[in-house]
>>> print(open('my_file29.csv').read())   # CSV, C-alpha atoms and all ligand atoms
chain,number,residue,atom,x,y,z
Z,90,MET,CA,-16.3,-10.3,36.0
Z,91,ILE,CA,-15.3,-13.7,34.6
Z,92,SER,CA,-12.5,-13.7,32.1
Z,93,LEU,CA,-12.9,-15.1,28.6
Z,94,LYS,CA,-9.8,-17.3,28.8
Z,95,GLU,CA,-11.0,-18.8,32.0
Z,96,LYS,CA,-14.5,-19.5,30.7
Z,97,TYR,CA,-13.0,-21.1,27.6
Z,98,LYS,CA,-10.1,-23.0,29.2
Z,99,ASP,CA,-11.6,-26.4,28.3
Z,100,TYR,CA,-12.4,-25.3,24.8
Z,101,PHE,CA,-9.7,-23.3,23.0
Z,102,LYS,CA,-7.3,-20.5,23.5
Z,103,VAL,CA,-8.8,-17.0,23.1
Z,104,GLY,CA,-6.6,-14.6,21.2
Z,105,ALA,CA,-6.5,-11.0,20.1
Z,106,ALA,CA,-4.5,-9.1,17.5
Z,107,VAL,CA,-2.4,-6.3,19.1
Z,108,ASN,CA,0.0,-3.7,18.1
Z,109,THR,CA,2.6,-1.6,20.0
Z,110,ARG,CA,-0.1,1.0,20.9
Z,111,THR,CA,-2.8,-1.4,22.1
Z,112,ILE,CA,-0.5,-3.4,24.3
Z,113,LYS,CA,-0.5,-0.2,26.3
Z,114,SER,CA,-3.9,1.2,25.8
Z,115,ASN,CA,-5.7,-2.1,26.2
Z,116,SER,CA,-3.2,-3.9,28.4
Z,117,ASN,CA,-5.7,-4.7,31.2
Z,118,LEU,CA,-8.1,-6.3,28.9
Z,119,ILE,CA,-5.4,-8.3,27.1
Z,120,ILE,CA,-4.0,-9.6,30.3
Z,121,LYS,CA,-7.3,-10.5,31.8
Z,122,HIS,CA,-9.2,-12.1,28.9
Z,123,PHE,CA,-6.7,-13.5,26.4
Z,124,ASN,CA,-4.0,-16.2,26.4
Z,125,SER,CA,-2.8,-15.7,22.9
Z,126,ILE,CA,-1.9,-12.7,20.8
Z,127,THR,CA,-1.1,-12.0,17.2
Z,128,CYS,CA,1.0,-9.1,16.0
Z,129,GLU,CA,-1.4,-7.1,13.7
Z,130,ASN,CA,1.5,-6.0,11.4
Z,131,GLU,CA,4.7,-6.2,13.3
Z,132,MET,CA,5.8,-9.7,12.2
Z,133,LYS,CA,5.0,-9.2,8.6
Z,134,VAL,CA,7.9,-9.2,6.2
Z,135,SER,CA,7.6,-5.5,5.4
Z,136,SER,CA,7.8,-4.6,9.1
Z,137,ILE,CA,10.9,-6.7,9.7
Z,138,ALA,CA,12.9,-6.8,6.5
Z,139,VAL,CA,13.1,-3.1,6.1
Z,140,GLY,CA,15.9,-3.1,3.6
Z,141,LYS,CA,18.2,-5.6,1.9
Z,142,ASP,CA,19.9,-7.5,4.7
Z,143,GLN,CA,18.5,-5.0,7.1
Z,144,TYR,CA,16.1,-6.1,9.8
Z,145,ASP,CA,14.1,-4.2,12.3
Z,146,PHE,CA,12.7,-6.3,15.2
Z,147,THR,CA,11.9,-3.4,17.5
Z,148,ALA,CA,8.2,-3.6,17.4
Z,149,ALA,CA,7.9,-7.3,17.2
Z,150,ASP,CA,10.4,-7.7,20.1
Z,151,GLU,CA,8.3,-5.2,22.2
Z,152,ILE,CA,5.1,-7.2,21.7
Z,153,VAL,CA,6.8,-10.6,22.3
Z,154,ALA,CA,8.4,-9.2,25.6
Z,155,PHE,CA,4.8,-8.2,26.6
Z,156,ALA,CA,3.7,-11.7,25.8
Z,157,ILE,CA,6.5,-13.3,27.9
Z,158,LYS,CA,5.9,-11.0,30.8
Z,159,ASN,CA,2.1,-11.7,30.9
Z,160,ASP,CA,2.3,-15.4,30.0
Z,161,LEU,CA,0.6,-15.1,26.6
Z,162,LEU,CA,1.4,-17.3,23.6
Z,163,VAL,CA,1.9,-15.8,20.2
Z,164,ARG,CA,0.4,-16.8,16.8
Z,165,GLY,CA,3.1,-16.0,14.2
Z,166,HIS,CA,1.7,-13.9,11.3
Z,167,THR,CA,2.9,-14.2,8.5
Z,168,PHE,CA,5.8,-15.4,6.3
Z,169,VAL,CA,4.5,-15.6,2.7
Z,170,TRP,CA,1.9,-13.1,1.5
Z,171,HIS,CA,1.3,-11.2,-1.7
Z,172,ASN,CA,0.9,-8.1,0.4
Z,173,GLN,CA,3.2,-6.3,2.9
Z,174,THR,CA,6.3,-7.8,1.4
Z,175,PRO,CA,8.8,-5.3,0.0
Z,176,ASP,CA,9.7,-5.3,-3.8
Z,177,TRP,CA,13.4,-5.7,-3.2
Z,178,PHE,CA,12.6,-9.1,-1.6
Z,179,PHE,CA,11.9,-10.4,-5.2
Z,180,GLU,CA,14.1,-8.2,-7.3
Z,181,GLY,CA,16.4,-10.2,-9.6
Z,182,MET,CA,15.5,-13.4,-7.9
Z,183,ASP,CA,15.3,-16.7,-9.7
Z,184,ARG,CA,13.5,-19.7,-8.1
Z,185,LYS,CA,16.6,-21.0,-6.3
Z,186,GLN,CA,17.6,-17.6,-5.0
Z,187,LEU,CA,14.1,-16.7,-3.8
Z,188,LEU,CA,13.8,-20.1,-2.0
Z,189,GLU,CA,17.1,-19.4,-0.3
Z,190,ARG,CA,16.0,-15.9,0.7
Z,191,ILE,CA,12.8,-17.0,2.3
Z,192,LYS,CA,14.6,-19.9,4.0
Z,193,SER,CA,17.1,-17.6,5.6
Z,194,TYR,CA,14.2,-15.2,6.5
Z,195,ILE,CA,12.2,-17.9,8.2
Z,196,THR,CA,15.3,-19.2,10.0
Z,197,LEU,CA,16.0,-15.7,11.3
Z,198,VAL,CA,12.5,-14.8,12.4
Z,199,GLY,CA,11.4,-18.3,13.4
Z,200,ASN,CA,14.4,-18.8,15.6
Z,201,ARG,CA,14.1,-15.4,17.2
Z,202,TYR,CA,10.6,-16.0,18.4
Z,203,ARG,CA,10.8,-19.7,18.8
Z,204,GLU,CA,10.0,-19.7,22.6
Z,205,GLN,CA,6.8,-17.7,22.4
Z,206,VAL,CA,5.3,-18.4,19.0
Z,207,PHE,CA,3.3,-21.6,19.0
Z,208,CYS,CA,2.2,-21.7,15.4
Z,209,TRP,CA,2.8,-19.7,12.2
Z,210,ASP,CA,0.6,-18.5,9.3
Z,211,VAL,CA,3.1,-19.8,6.8
Z,212,VAL,CA,1.2,-18.7,3.7
Z,213,ASN,CA,-1.5,-16.1,3.8
Z,214,GLU,CA,-4.3,-15.5,1.3
Z,215,ALA,CA,-2.9,-17.4,-1.7
Z,216,ILE,CA,-6.2,-18.4,-3.2
Z,217,GLU,CA,-8.0,-16.2,-5.7
Z,218,ASP,CA,-11.5,-14.8,-4.9
Z,219,LYS,CA,-12.7,-14.7,-8.5
Z,220,ALA,CA,-14.3,-17.9,-9.4
Z,221,ASP,CA,-12.4,-18.8,-12.6
Z,222,THR,CA,-8.8,-19.0,-11.1
Z,223,VAL,CA,-7.5,-21.0,-8.2
Z,224,LEU,CA,-4.2,-19.3,-7.3
Z,225,ARG,CA,-4.0,-15.6,-6.8
Z,226,ARG,CA,-1.4,-14.1,-9.1
Z,227,SER,CA,1.7,-13.0,-7.1
Z,228,LYS,CA,5.4,-12.7,-7.3
Z,229,TRP,CA,5.6,-15.9,-5.3
Z,230,VAL,CA,3.7,-17.8,-8.0
Z,231,ASP,CA,5.6,-16.0,-10.8
Z,232,ILE,CA,9.0,-16.9,-9.5
Z,233,LEU,CA,8.5,-20.2,-7.6
Z,234,GLY,CA,5.7,-21.7,-9.8
Z,235,GLU,CA,2.2,-23.0,-9.1
Z,236,ARG,CA,3.3,-25.3,-6.3
Z,237,PHE,CA,5.1,-22.6,-4.4
Z,238,MET,CA,3.2,-23.5,-1.2
Z,239,ASP,CA,4.7,-27.0,-1.2
Z,240,ASP,CA,8.2,-25.5,-1.2
Z,241,ILE,CA,7.4,-22.9,1.5
Z,242,PHE,CA,5.7,-25.3,3.9
Z,243,ARG,CA,8.5,-27.9,3.5
Z,244,ILE,CA,11.1,-25.2,4.2
Z,245,ALA,CA,9.2,-24.0,7.2
Z,246,LYS,CA,8.8,-27.5,8.6
Z,247,GLU,CA,12.5,-28.1,8.3
Z,248,ILE,CA,13.3,-25.0,10.3
Z,249,LEU,CA,10.4,-25.2,12.8
Z,250,PRO,CA,9.5,-28.9,13.1
Z,251,GLU,CA,7.8,-28.5,16.4
Z,252,LYS,CA,5.5,-25.7,15.3
Z,253,LYS,CA,2.0,-25.9,13.9
Z,254,LEU,CA,2.0,-24.5,10.4
Z,255,PHE,CA,-1.1,-22.9,8.9
Z,256,TYR,CA,-2.6,-21.8,5.7
Z,257,ASN,CA,-4.7,-18.7,6.4
Z,258,ASP,CA,-7.4,-17.0,4.3
Z,259,TYR,CA,-10.5,-14.9,4.2
Z,260,ASN,CA,-13.9,-15.3,2.5
Z,261,GLU,CA,-13.6,-18.8,3.7
Z,262,THR,CA,-17.3,-19.4,3.8
Z,263,ASN,CA,-17.8,-18.4,0.1
Z,264,PRO,CA,-18.8,-21.8,-1.4
Z,265,ALA,CA,-16.5,-21.5,-4.5
Z,266,LYS,CA,-13.5,-20.2,-2.5
Z,267,ARG,CA,-13.8,-22.7,0.3
Z,268,VAL,CA,-13.7,-25.6,-2.2
Z,269,LYS,CA,-10.6,-24.1,-3.8
Z,270,ILE,CA,-9.0,-23.9,-0.4
Z,271,TYR,CA,-10.0,-27.4,0.4
Z,272,ASN,CA,-8.8,-28.8,-2.9
Z,273,THR,CA,-5.5,-27.0,-2.7
Z,274,ILE,CA,-4.8,-28.2,0.9
Z,275,LYS,CA,-6.0,-31.7,0.1
Z,276,ALA,CA,-3.7,-32.0,-2.9
Z,277,MET,CA,-0.8,-30.7,-0.7
Z,278,LYS,CA,-1.6,-33.2,2.0
Z,279,ASP,CA,-1.7,-36.0,-0.6
Z,280,ARG,CA,1.8,-35.0,-1.8
Z,281,GLY,CA,3.0,-35.2,1.8
Z,282,VAL,CA,3.4,-31.4,2.3
Z,283,PRO,CA,3.5,-30.6,6.0
Z,284,VAL,CA,0.5,-28.3,6.5
Z,285,ASP,CA,-1.0,-28.7,9.9
Z,286,GLY,CA,-4.0,-26.4,9.8
Z,287,ILE,CA,-6.2,-23.9,8.1
Z,288,GLY,CA,-6.8,-20.5,9.5
Z,289,MET,CA,-10.3,-19.1,9.0
Z,290,GLN,CA,-10.0,-15.3,9.3
Z,291,CYS,CA,-13.7,-14.7,9.9
Z,292,HIS,CA,-13.9,-11.0,9.0
Z,293,SER,CA,-17.7,-10.9,9.2
Z,294,SER,CA,-20.5,-8.5,9.7
Z,295,ILE,CA,-24.0,-8.5,11.2
Z,296,TYR,CA,-25.2,-9.3,7.7
Z,297,GLY,CA,-23.3,-12.5,7.6
Z,298,PRO,CA,-21.9,-15.0,7.0
Z,299,TYR,CA,-24.1,-16.8,9.5
Z,300,ALA,CA,-23.1,-19.6,11.8
Z,301,ASP,CA,-24.5,-22.3,9.6
Z,302,GLU,CA,-22.2,-21.2,6.7
Z,303,LEU,CA,-19.3,-21.2,9.1
Z,304,LYS,CA,-20.2,-24.7,10.2
Z,305,GLU,CA,-20.3,-26.0,6.7
Z,306,THR,CA,-16.8,-24.6,6.1
Z,307,ILE,CA,-15.5,-26.1,9.4
Z,308,GLU,CA,-16.9,-29.5,8.5
Z,309,LEU,CA,-15.3,-29.4,5.0
Z,310,TYR,CA,-11.9,-28.4,6.3
Z,311,ALA,CA,-12.1,-30.8,9.3
Z,312,SER,CA,-12.6,-33.6,6.8
Z,313,LEU,CA,-8.9,-33.1,5.8
Z,314,GLY,CA,-7.9,-34.3,9.3
Z,315,ILE,CA,-6.2,-31.0,10.1
Z,316,GLN,CA,-6.6,-28.4,12.8
Z,317,ILE,CA,-8.6,-25.2,12.4
Z,318,HIS,CA,-7.8,-21.8,14.0
Z,319,ILE,CA,-10.2,-18.9,13.8
Z,320,THR,CA,-7.6,-16.2,13.2
Z,321,GLU,CA,-9.0,-12.8,12.6
Z,322,LEU,CA,-12.6,-12.6,13.9
Z,323,ASP,CA,-14.5,-9.4,13.9
Z,324,VAL,CA,-18.2,-8.5,13.2
Z,325,SER,CA,-18.6,-5.2,11.4
Z,326,LEU,CA,-21.8,-3.2,11.8
Z,327,PHE,CA,-21.9,-2.5,8.1
Z,328,GLU,CA,-22.6,-4.6,5.1
Z,329,PHE,CA,-19.5,-5.1,3.0
Z,330,GLY,CA,-19.3,-2.3,0.5
Z,331,ASP,CA,-21.6,0.0,2.5
Z,332,HIS,CA,-19.6,3.2,3.2
Z,333,SER,CA,-22.3,5.0,5.2
Z,334,ARG,CA,-21.7,6.3,8.7
Z,335,ILE,CA,-23.4,6.1,12.0
Z,336,GLU,CA,-22.9,8.4,15.0
Z,337,LYS,CA,-23.1,5.7,17.7
Z,338,PRO,CA,-24.4,2.1,17.4
Z,339,ASP,CA,-27.9,1.7,18.9
Z,340,ALA,CA,-29.0,-1.3,21.0
Z,341,LYS,CA,-30.6,-2.9,18.1
Z,342,LEU,CA,-27.4,-3.1,16.0
Z,343,LEU,CA,-25.4,-4.2,19.0
Z,344,ASP,CA,-27.9,-6.9,19.6
Z,345,LYS,CA,-27.6,-8.2,16.1
Z,346,GLN,CA,-23.9,-8.3,16.5
Z,347,ALA,CA,-24.2,-10.1,19.8
Z,348,LYS,CA,-26.4,-12.7,18.2
Z,349,ILE,CA,-23.8,-13.4,15.5
Z,350,TYR,CA,-21.0,-13.7,18.1
Z,351,GLU,CA,-23.3,-16.0,20.2
Z,352,ASP,CA,-24.1,-18.3,17.3
Z,353,TYR,CA,-20.4,-18.4,16.2
Z,354,PHE,CA,-19.1,-19.3,19.6
Z,355,LYS,CA,-21.7,-22.0,19.9
Z,356,ILE,CA,-20.3,-23.6,16.8
Z,357,PHE,CA,-16.7,-23.1,17.8
Z,358,ARG,CA,-17.5,-24.9,21.1
Z,359,GLU,CA,-19.1,-27.8,19.2
Z,360,TYR,CA,-15.8,-28.2,17.3
Z,361,LYS,CA,-13.4,-27.7,20.2
Z,362,GLU,CA,-11.6,-31.0,19.3
Z,363,ILE,CA,-10.5,-29.4,16.0
Z,364,ILE,CA,-10.4,-25.7,16.9
Z,365,GLU,CA,-7.4,-25.0,19.1
Z,366,CYS,CA,-7.5,-21.2,19.1
Z,367,VAL,CA,-10.0,-18.4,18.4
Z,368,THR,CA,-8.5,-15.0,17.8
Z,369,LEU,CA,-10.3,-11.6,17.5
Z,370,TRP,CA,-8.8,-9.1,15.2
Z,371,GLY,CA,-8.3,-6.5,17.8
Z,372,VAL,CA,-9.1,-6.0,21.5
Z,373,ALA,CA,-11.7,-3.2,21.9
Z,374,ASP,CA,-13.6,-0.8,19.7
Z,375,ASP,CA,-11.3,2.1,20.6
Z,376,TYR,CA,-9.0,0.8,17.8
Z,377,THR,CA,-9.9,-1.5,14.9
Z,378,TRP,CA,-8.5,-1.7,11.4
Z,379,LEU,CA,-12.1,-1.4,10.2
Z,380,ASP,CA,-12.0,2.3,11.2
Z,381,ASN,CA,-10.1,2.6,7.9
Z,382,PHE,CA,-11.5,-0.1,5.8
Z,383,PRO,CA,-13.2,-0.2,3.4
Z,384,ALA,CA,-13.8,3.5,4.1
Z,385,ARG,CA,-11.1,5.7,5.6
Z,386,ASN,CA,-12.0,7.4,8.9
Z,387,ARG,CA,-15.4,5.7,9.2
Z,388,LYS,CA,-15.8,4.5,12.7
Z,389,ASN,CA,-16.8,0.8,13.2
Z,390,TRP,CA,-17.5,-1.2,16.4
Z,391,PRO,CA,-16.7,-4.8,15.6
Z,392,LEU,CA,-15.2,-6.2,18.8
Z,393,LEU,CA,-16.3,-7.6,22.2
Z,394,PHE,CA,-15.4,-4.5,24.3
Z,395,ASP,CA,-16.5,-0.9,23.7
Z,396,GLU,CA,-14.5,2.3,23.3
Z,397,GLU,CA,-14.3,2.6,27.0
Z,398,ASN,CA,-13.1,-1.0,27.2
Z,399,ASN,CA,-16.3,-2.2,28.9
Z,400,PRO,CA,-17.8,-5.5,27.8
Z,401,LYS,CA,-20.5,-5.3,25.2
Z,402,GLU,CA,-23.7,-7.4,24.8
Z,403,ALA,CA,-21.6,-9.7,22.5
Z,404,PHE,CA,-19.2,-10.4,25.4
Z,405,TYR,CA,-22.0,-11.5,27.8
Z,406,ARG,CA,-23.6,-13.7,25.1
Z,407,ILE,CA,-20.4,-15.7,24.5
Z,408,ILE,CA,-19.7,-16.3,28.2
Z,409,ASN,CA,-23.3,-17.2,29.2
Z,410,PHE,CA,-23.6,-20.9,28.3
J,501,LIG,O1,-5.1,-5.1,10.4
J,501,LIG,C1,-4.1,-4.9,9.4
J,501,LIG,C2,-4.0,-3.5,9.0
J,501,LIG,O2,-3.5,-2.7,10.0
J,501,LIG,C3,-3.0,-3.4,7.8
J,501,LIG,O3,-3.1,-2.1,7.3
J,501,LIG,C4,-3.4,-4.4,6.7
J,501,LIG,C5,-2.5,-4.3,5.5
J,501,LIG,O4,-2.9,-5.2,4.5
J,501,LIG,O5,-3.4,-5.7,7.3
J,501,LIG,C6,-4.4,-5.8,8.3
J,501,LIG,O6,-4.4,-7.2,8.7
J,501,LIG,C7,-4.8,-8.1,7.7
J,501,LIG,C8,-4.1,-9.4,8.0
J,501,LIG,O7,-2.8,-9.2,8.2
J,501,LIG,C9,-4.4,-10.5,7.0
J,501,LIG,N1,-5.9,-10.6,6.8
J,501,LIG,C10,-6.6,-9.4,6.6
J,501,LIG,C11,-6.3,-8.4,7.7
J,501,LIG,C12,-7.2,-7.2,7.5
J,501,LIG,O8,-6.9,-6.6,6.3
>>> encode(input="my_file29.csv", output="structure tokens")
Amino acid sequence: MISLKEKYKDYFKVGAAVNTRTIKSNSNLIIKHFNSITCENEMKVSSIAVGKDQYDFTAADEIVAFAIKNDLLVRGHTFVWHNQTPDWFFEGMDRKQLLERIKSYITLVGNRYREQVFCWDVVNEAIEDKADTVLRRSKWVDILGERFMDDIFRIAKEILPEKKLFYNDYNETNPAKRVKIYNTIKAMKDRGVPVDGIGMQCHSSIYGPYADELKETIELYASLGIQIHITELDVSLFEFGDHSRIEKPDAKLLDKQAKIYEDYFKIFREYKEIIECVTLWGVADDYTWLDNFPARNRKNWPLLFDEENNPKEAFYRIINF
């Protein structure tokens, strides 16, 4: 069977989010089909900065060692996020102190994984979903101010000048949100802030967003003269907010899913000059974060390989072109 990374070698890197369990349980698939991996949680601040001046690199080290051994690149995920960052990180901090703290954190983590990590999600999900506000309220904004992203990207570029630095977000096809993302990144670029790309997460479902909506977003972001990565692609079998269950997906559902994947990858190929990497948020349906979101313990099947790690209809559709 042809491998994804081989098939796509003239287009973009193909990535998967992994964790310390899946690098074992899905190792064959990862090694055969992917040339980039992202730590699903292990490079987040809460996983590494476990206490004040206390760092635990065990899990991230294990995944990076797997990447080195198998010749995989790593997308770094993520430095600044409102989520998965411990409270002590902000406690008692004024602007100057917090900038120093994040600077030493980026230095520590960025340097440790310098060899293998080819780009970083420097800021994750800072734009608000609700229509009337631009920035999501967070401790970062509270302490550093409305232009905190300028500071963070400048610091990151100083430490990691040779790495591509990304702003990463979800709901990126929502017309109101994508304009806010566009305006924010444009204003940053106009101020000379070193942001190299936008990550489109692409947590989708068989009910959309559809490929044409994705295309509109790609066009808009591309007009900024930056790179795009698809960073967290998966295609849920449930409409967002639907908590119902199914025993096993039937051929009809899997066909709908395959169609979405097929249409998406057609667009991605069209934009191969701008899209450098397409990452799935998982490897195979035996483990996906969607098994616990938005409903706990509700099985979902959003990926290209099934629970037995065999290729699904979606896989065949994206390699037959
Ligand atoms: O897949 C991740 C899951 O295991 C964590 O519990 C969750 C915590 O917020 O984060 C998930 O990954 C998220 C990613 O880091 C950022 N974009 C949304 C992803 C899915 O929630």
>>> atom_distance(input="my_file29.csv", atom1="CA of Ile270 in chain Z", atom2="CA of Val324 in chain Z")
22.5 Å
>>> closest_residue(input="my_file29.csv", among="Z:Arg184, Z:Lys133, Z:Arg280, Z:Arg164", to="Gly104 in chain Z", atoms="all atoms listed in the file")
Z:Arg164
>>> residues_around(input="my_file29.csv", residues="Asn172 in chain Z", least_positions_apart="3", cutoff="10 Å", atoms="all atoms listed in the file", output="list of chain:residue names")
Z:Lys133, Z:Val134, Z:Ser135, Z:Val169, Z:Pro175, Z:Asn213, Z:Glu214, Z:Ser227
>>> atom_distance(input="my_file29.csv", atom1="CA of Ile356 in chain Z", atom2="CA of Trp370 in chain Z")
18.6 Å
>>> residues_near_ligand(input="my_file29.csv", ligand="ligand LIG 501 (chain J)", cutoff="9 Å", atoms="all atoms listed in the file", output="mmCIF file with C-alpha atoms, in the coordinates of the input")
data_model
loop_
_atom_site.group_PDB
_atom_site.id
_atom_site.type_symbol
_atom_site.label_atom_id
_atom_site.label_comp_id
_atom_site.auth_asym_id
_atom_site.auth_seq_id
_atom_site.Cartn_x
_atom_site.Cartn_y
_atom_site.Cartn_z
ATOM 1 C CA ALA Z 106 -4.500 -9.100 17.500
ATOM 2 C CA ASN Z 108 0.000 -3.700 18.100
ATOM 3 C CA CYS Z 128 1.000 -9.100 16.000
ATOM 4 C CA GLU Z 129 -1.400 -7.100 13.700
ATOM 5 C CA ASN Z 130 1.500 -6.000 11.400
ATOM 6 C CA LYS Z 133 5.000 -9.200 8.600
ATOM 7 C CA HIS Z 166 1.700 -13.900 11.300
ATOM 8 C CA THR Z 167 2.900 -14.200 8.500
ATOM 9 C CA TRP Z 170 1.900 -13.100 1.500
ATOM 10 C CA ASN Z 172 0.900 -8.100 0.400
ATOM 11 C CA GLN Z 173 3.200 -6.300 2.900
ATOM 12 C CA ASN Z 213 -1.500 -16.100 3.800
ATOM 13 C CA GLU Z 214 -4.300 -15.500 1.300
ATOM 14 C CA ASN Z 257 -4.700 -18.700 6.400
ATOM 15 C CA ASP Z 258 -7.400 -17.000 4.300
ATOM 16 C CA TYR Z 259 -10.500 -14.900 4.200
ATOM 17 C CA GLN Z 290 -10.000 -15.300 9.300
ATOM 18 C CA HIS Z 292 -13.900 -11.000 9.000
ATOM 19 C CA THR Z 320 -7.600 -16.200 13.200
ATOM 20 C CA GLU Z 321 -9.000 -12.800 12.600
ATOM 21 C CA TRP Z 370 -8.800 -9.100 15.200
ATOM 22 C CA GLY Z 371 -8.300 -6.500 17.800
ATOM 23 C CA THR Z 377 -9.900 -1.500 14.900
ATOM 24 C CA TRP Z 378 -8.500 -1.700 11.400
ATOM 25 C CA LEU Z 379 -12.100 -1.400 10.200
ATOM 26 C CA ASN Z 381 -10.100 2.600 7.900
ATOM 27 C CA PHE Z 382 -11.500 -0.100 5.800
#
>>> residues_around(input="my_file29.csv", residues="Pro298 in chain Z", least_positions_apart="5", cutoff="10 Å", atoms="all atoms listed in the file", output="PDB file with C-alpha atoms, keeping the file's coordinate frame")
ATOM      1  CA  ASN Z 260     -13.900 -15.300   2.500  1.00  0.00           C
ATOM      2  CA  GLU Z 261     -13.600 -18.800   3.700  1.00  0.00           C
ATOM      3  CA  THR Z 262     -17.300 -19.400   3.800  1.00  0.00           C
ATOM      4  CA  ASN Z 263     -17.800 -18.400   0.100  1.00  0.00           C
ATOM      5  CA  CYS Z 291     -13.700 -14.700   9.900  1.00  0.00           C
ATOM      6  CA  HIS Z 292     -13.900 -11.000   9.000  1.00  0.00           C
ATOM      7  CA  SER Z 293     -17.700 -10.900   9.200  1.00  0.00           C
ATOM      8  CA  LEU Z 303     -19.300 -21.200   9.100  1.00  0.00           C
ATOM      9  CA  VAL Z 324     -18.200  -8.500  13.200  1.00  0.00           C
ATOM     10  CA  ILE Z 349     -23.800 -13.400  15.500  1.00  0.00           C
ATOM     11  CA  TYR Z 353     -20.400 -18.400  16.200  1.00  0.00           C
TER      12      TYR Z 353
END
>>> residues_near_point(input="my_file29.csv", point="(-2.3, -30.0, -0.3)", cutoff="12 Å", atoms="only C-alpha atoms", output="compact mmCIF listing (two decimals) with C-alpha atoms, in the coordinates of the input")
# COMPACT_ATOMS: atom_id res chain seq x y z
CA ARG Z 236 3.30 -25.30 -6.30
CA PHE Z 237 5.10 -22.60 -4.40
CA MET Z 238 3.20 -23.50 -1.20
CA ASP Z 239 4.70 -27.00 -1.20
CA ASP Z 240 8.20 -25.50 -1.20
CA PHE Z 242 5.70 -25.30 3.90
CA ARG Z 243 8.50 -27.90 3.50
CA PHE Z 255 -1.10 -22.90 8.90
CA TYR Z 256 -2.60 -21.80 5.70
CA LYS Z 269 -10.60 -24.10 -3.80
CA ILE Z 270 -9.00 -23.90 -0.40
CA TYR Z 271 -10.00 -27.40 0.40
CA ASN Z 272 -8.80 -28.80 -2.90
CA THR Z 273 -5.50 -27.00 -2.70
CA ILE Z 274 -4.80 -28.20 0.90
CA LYS Z 275 -6.00 -31.70 0.10
CA ALA Z 276 -3.70 -32.00 -2.90
CA MET Z 277 -0.80 -30.70 -0.70
CA LYS Z 278 -1.60 -33.20 2.00
CA ASP Z 279 -1.70 -36.00 -0.60
CA ARG Z 280 1.80 -35.00 -1.80
CA GLY Z 281 3.00 -35.20 1.80
CA VAL Z 282 3.40 -31.40 2.30
CA PRO Z 283 3.50 -30.60 6.00
CA VAL Z 284 0.50 -28.30 6.50
CA ASP Z 285 -1.00 -28.70 9.90
CA GLY Z 286 -4.00 -26.40 9.80
CA ILE Z 287 -6.20 -23.90 8.10
CA TYR Z 310 -11.90 -28.40 6.30
CA LEU Z 313 -8.90 -33.10 5.80
CA GLY Z 314 -7.90 -34.30 9.30
CA ILE Z 315 -6.20 -31.00 10.10
>>> closest_residue(input="my_file29.csv", among="Z:Tyr100, Z:Val372, Z:Met289, Z:Pro264", to="Asn117 in chain Z", atoms="all atoms listed in the file")
Z:Val372
>>> closest_residue(input="my_file29.csv", among="Z:Ala154, Z:Gln346, Z:Pro391, Z:Gly234", to="Leu369 in chain Z", atoms="all atoms listed in the file")
Z:Pro391
>>> closest_atom_pairs(input="my_file29.csv", of="range 187-237 of chain Z", to="range 176-180 of chain Z", cutoff="8 Å", atoms="only C-alpha atoms", output="JSON lines")
{"residue": "Z:Leu187", "atom": "CA", "partner": "Z:Phe179", "partner_atom": "CA", "distance": 6.8}
{"residue": "Z:Arg190", "atom": "CA", "partner": "Z:Phe178", "partner_atom": "CA", "distance": 7.9}
{"residue": "Z:Lys228", "atom": "CA", "partner": "Z:Phe179", "partner_atom": "CA", "distance": 7.2}
>>> atom_distance(input="my_file29.csv", atom1="CA of Thr111 in chain Z", atom2="CA of Ile152 in chain Z")
9.8 Å
>>> closest_residue(input="my_file29.csv", among="Z:Ile195, Z:Ile157, Z:Ile241, Z:Ile119", to="Ile137 in chain Z", atoms="only C-alpha atoms")
Z:Ile195
>>> decode(input="my_file29.csv", residues="range 190-197 of chain Z", atoms="N, CA and C atoms", output="PDB file, in the first residue's frame")
ATOM      1  N   ARG Z 190       9.475  35.686  32.347  1.00  0.00           N
ATOM      2  CA  ARG Z 190       9.170  34.271  32.600  1.00  0.00           C
ATOM      3  C   ARG Z 190       8.927  33.511  31.290  1.00  0.00           C
ATOM      4  N   ILE Z 191       8.151  34.100  30.407  1.00  0.00           N
ATOM      5  CA  ILE Z 191       7.861  33.384  29.155  1.00  0.00           C
ATOM      6  C   ILE Z 191       9.114  33.340  28.282  1.00  0.00           C
ATOM      7  N   LYS Z 192       9.950  34.370  28.405  1.00  0.00           N
ATOM      8  CA  LYS Z 192      11.205  34.358  27.640  1.00  0.00           C
ATOM      9  C   LYS Z 192      12.104  33.211  28.100  1.00  0.00           C
ATOM     10  N   SER Z 193      12.221  33.043  29.392  1.00  0.00           N
ATOM     11  CA  SER Z 193      13.110  31.952  29.831  1.00  0.00           C
ATOM     12  C   SER Z 193      12.470  30.594  29.539  1.00  0.00           C
ATOM     13  N   TYR Z 194      11.141  30.539  29.570  1.00  0.00           N
ATOM     14  CA  TYR Z 194      10.470  29.276  29.226  1.00  0.00           C
ATOM     15  C   TYR Z 194      10.698  28.920  27.749  1.00  0.00           C
ATOM     16  N   ILE Z 195      10.513  29.907  26.867  1.00  0.00           N
ATOM     17  CA  ILE Z 195      10.711  29.635  25.432  1.00  0.00           C
ATOM     18  C   ILE Z 195      12.177  29.283  25.152  1.00  0.00           C
ATOM     19  N   THR Z 196      13.075  29.921  25.877  1.00  0.00           N
ATOM     20  CA  THR Z 196      14.502  29.611  25.702  1.00  0.00           C
ATOM     21  C   THR Z 196      14.771  28.163  26.095  1.00  0.00           C
ATOM     22  N   LEU Z 197      14.246  27.786  27.241  1.00  0.00           N
ATOM     23  CA  LEU Z 197      14.487  26.436  27.750  1.00  0.00           C
ATOM     24  C   LEU Z 197      13.916  25.370  26.814  1.00  0.00           C
TER      25      LEU Z 197
END
